[in-house]
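A.B. asks: Got a structure here, written out as structure tokens. Questions coming.
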Amino acid sequence: MDYREIIGLVHSTRPMILNGSQSLEVTKKGPADFVTQVDFMVQDYIAGELKKQYPDVQIMSEEKENRGIDFSKPVWILDPIDGTTNLVHNFHHSAVSLAFYNGKELEFGIIYNPYSEETFYAIANQGCYLNDERIFVSNTTLLKDSLVMVGTASYYKEMGGNIFADIFEIYMQCQDVRRTGSAALDLAYVACGRVEGFFERSLKPWDIAAGMLLVKEAGGKVSSFEGKELFLDRNNDIVAGNKEIHEKLLEIIMRR
């Protein structure tokens, strides 16, 4: 598989995202859950190109029917726009997230912010990179010195009480928290050491697949809220961080 070609494909979506966001047609799917013509444009373009190059590989993507995906075989996992609500509000913090699962493990992941032109990518057992520079998770070991990204699972507002209780507990013990609206970029920021940790409930596979590999290849750790393996065929509650902060976040979340 030519990863350089895949990175180039993802980069080529920049004009359609920047130009398309000028006159958005927005459809509401649910509470705080939107889709735009940019989501469909990017999805159709990337999926179409991947099918031409790799016709036998399945494609799982946010804005399509994903029934029948067989994870014993290779799968592309695509979020055409992670951070659609940010896109709708012209809040320039959204990303294209694409991962390749080879039937056994995540093999490649890329998260691309077209606004900042930052490209985070990882290849299994070959490390994690930001614009071709090797990156690693933070070496901060104390939670009180840590900046932690949080997510509010805004599609599931009925869980708000538990979500904000988790956030409050961690806020009281860390340096500060941040909430940006793109789980993919949150995981990328853990991978490059800008923040020490991240957690959020009920994320879809396309929200986290590429970011999971980035964090692992940057020397960090990802798990469920119970400290167990994450699965790509379902929603996941995710905790990520460097190894020390990951454990500290887990201790607080599991204690509640």
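In the structure tokens, the first chain shown is A, the next is B, and so on; residue numbers restart at 1 for each chain, and ligands run from 1 in the order shown.
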Please give the complete set of residues from region 85-151 of chain A that DSSP, run on the backbone, assigns to strand (DSSP E), formatted as a PyMOL selection string.
C.D. replies: chain A and resi 95-101+106-113+118-123+127-130+133-134+147-150
A.B. asks: Write to file, as a tab-separated table (two decimals), in the first residue's frame, the residues of the selection just made, with N, CA and C atoms.
C.D. replies:
```tsv
chain	number	residue	atom	x	y	z
A	95	ALA	N	-11.28	18.16	10.82
A	95	ALA	CA	-10.25	17.33	10.21
A	95	ALA	C	-10.86	16.22	9.37
A	96	VAL	N	-10.08	15.77	8.40
A	96	VAL	CA	-10.36	14.52	7.69
A	96	VAL	C	-9.60	13.42	8.41
A	97	SER	N	-10.29	12.35	8.76
A	97	SER	CA	-9.67	11.25	9.48
A	97	SER	C	-9.87	9.96	8.69
A	98	LEU	N	-8.78	9.27	8.40
A	98	LEU	CA	-8.84	8.04	7.62
A	98	LEU	C	-7.88	7.01	8.23
A	99	ALA	N	-8.39	5.79	8.43
A	99	ALA	CA	-7.56	4.71	8.96
A	99	ALA	C	-7.72	3.48	8.09
A	100	PHE	N	-6.67	2.65	8.07
A	100	PHE	CA	-6.73	1.37	7.37
A	100	PHE	C	-6.55	0.25	8.38
A	101	TYR	N	-7.56	-0.61	8.46
A	101	TYR	CA	-7.53	-1.81	9.31
A	101	TYR	C	-7.32	-3.00	8.38
A	106	LEU	N	-5.00	-2.11	13.20
A	106	LEU	CA	-4.86	-0.85	12.50
A	106	LEU	C	-3.43	-0.76	11.96
A	107	GLU	N	-3.32	-0.48	10.67
A	107	GLU	CA	-2.02	-0.45	10.01
A	107	GLU	C	-1.58	0.97	9.65
A	108	PHE	N	-2.55	1.85	9.39
A	108	PHE	CA	-2.24	3.21	8.96
A	108	PHE	C	-3.35	4.14	9.42
A	109	GLY	N	-2.97	5.36	9.80
A	109	GLY	CA	-3.96	6.36	10.16
A	109	GLY	C	-3.45	7.75	9.81
A	110	ILE	N	-4.36	8.60	9.33
A	110	ILE	CA	-4.03	9.99	9.03
A	110	ILE	C	-5.14	10.90	9.51
A	111	ILE	N	-4.76	12.01	10.13
A	111	ILE	CA	-5.69	13.06	10.55
A	111	ILE	C	-5.15	14.36	9.99
A	112	TYR	N	-5.95	15.01	9.15
A	112	TYR	CA	-5.50	16.19	8.41
A	112	TYR	C	-6.40	17.38	8.70
A	113	ASN	N	-5.79	18.46	9.22
A	113	ASN	CA	-6.51	19.71	9.45
A	113	ASN	C	-6.24	20.63	8.26
A	118	GLU	N	-1.90	20.91	8.98
A	118	GLU	CA	-1.15	19.94	9.79
A	118	GLU	C	-1.62	18.54	9.43
A	119	THR	N	-0.65	17.69	9.15
A	119	THR	CA	-0.93	16.30	8.81
A	119	THR	C	-0.30	15.39	9.85
A	120	PHE	N	-1.15	14.73	10.61
A	120	PHE	CA	-0.69	13.75	11.60
A	120	PHE	C	-0.91	12.37	10.99
A	121	TYR	N	0.12	11.54	10.98
A	121	TYR	CA	-0.09	10.19	10.45
A	121	TYR	C	0.80	9.19	11.18
A	122	ALA	N	0.38	7.94	11.14
A	122	ALA	CA	1.13	6.87	11.78
A	122	ALA	C	1.03	5.61	10.96
A	123	ILE	N	2.10	4.83	10.98
A	123	ILE	CA	2.15	3.52	10.35
A	123	ILE	C	2.52	2.52	11.44
A	127	GLY	N	6.12	4.34	13.82
A	127	GLY	CA	6.09	5.64	14.47
A	127	GLY	C	4.96	6.55	14.02
A	128	CYS	N	4.94	7.73	14.62
A	128	CYS	CA	3.90	8.73	14.40
A	128	CYS	C	4.57	10.04	13.99
A	129	TYR	N	3.93	10.77	13.08
A	129	TYR	CA	4.57	11.94	12.48
A	129	TYR	C	3.60	13.11	12.35
A	130	LEU	N	4.15	14.30	12.46
A	130	LEU	CA	3.43	15.55	12.15
A	130	LEU	C	4.21	16.24	11.04
A	133	GLU	N	7.72	15.05	10.60
A	133	GLU	CA	8.61	15.09	11.77
A	133	GLU	C	8.09	14.09	12.80
A	134	ARG	N	8.96	13.24	13.32
A	134	ARG	CA	8.56	12.23	14.31
A	134	ARG	C	8.04	12.92	15.57
A	147	LEU	N	-2.54	19.14	30.88
A	147	LEU	CA	-3.68	19.69	30.15
A	147	LEU	C	-4.43	18.51	29.55
A	148	VAL	N	-5.74	18.46	29.78
A	148	VAL	CA	-6.53	17.30	29.38
A	148	VAL	C	-7.66	17.74	28.45
A	149	MET	N	-7.73	17.10	27.28
A	149	MET	CA	-8.84	17.32	26.36
A	149	MET	C	-10.04	16.51	26.82
A	150	VAL	N	-11.22	17.10	26.70
A	150	VAL	CA	-12.44	16.40	27.09
A	150	VAL	C	-13.45	16.50	25.95
```
A.B. asks: Neighbouring residues of Phe199 (chain A) were defined as those with any atom within 8 Å, considering only C-alpha atoms; residues of the same chain fewer than 4 positions away were excluded. Please report them as a PyMOL selection string.
C.D. replies: chain A and resi 149-151+237-240
A.B. asks: Can you tell me, as JSON, numbers by chain, what residues are no more than 10 Å from Ser12 (chain A) when counting only C-alpha atoms, ignoring any on the same chain fewer than 4 positions away?
C.D. replies: {"A": [6, 7, 8, 16, 17, 42, 45, 46, 114]}
A.B. asks: For a quick check of understanding, using only C-alpha atoms, which of A:Asp70, A:Phe198, A:Glu226, A:Gly219 has the smallest distance to Ile170 (chain A)?
C.D. replies: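 Of A:Asp70, A:Phe198, A:Glu226, A:Gly219, the one nearest Ile170 (chain A) is A:Phe198, counting only C-alpha atoms.
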A.B. asks: Apply DSSP to the backbone of this structure and, from region 49-245 of chain A, keep only the residues in helix (DSSP H, G or I); write these as a VMD selection string.
C.D. replies: chain A and resid 49 to 53 84 to 88 143 to 145 157 to 171 183 to 191 205 to 217 243 to 245
A.B. asks: So that I can check the surroundings of Met1 (chain A), please list as a PDB file with C-alpha atoms, in the first residue's frame every protein, DNA and RNA residue that reaches within 10 Å of it, counting only C-alpha atoms and ignoring chain neighbours fewer than 2 positions away.
C.D. replies:
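Below you can see selection_2.pdb, which holds the result:
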```pdb
ATOM      1  CA  TYR A   3       0.855   5.538   2.079  1.00  0.00           C
ATOM      2  CA  ARG A   4       2.324   8.624   0.381  1.00  0.00           C
ATOM      3  CA  GLU A   5      -0.381   8.328  -2.235  1.00  0.00           C
ATOM      4  CA  ILE A   6      -3.047   8.074   0.468  1.00  0.00           C
ATOM      5  CA  GLN A  53      -7.076   1.849  -6.190  1.00  0.00           C
ATOM      6  CA  TYR A  54      -8.138  -0.856  -3.736  1.00  0.00           C
ATOM      7  CA  PHE A 108      -2.237   3.211   8.959  1.00  0.00           C
TER       8      PHE A 108
END
```
A.B. asks: Identify, on the basis of only C-alpha atoms, every residue whose closest approach to Ala165 (chain A) does not exceed 12 Å; exclude the query and any residue fewer than 5 positions from it along the same chain; express the result as a ChimeraX atom specification.
C.D. replies: /A:150,152,159-160,170-172,252-253,255-256
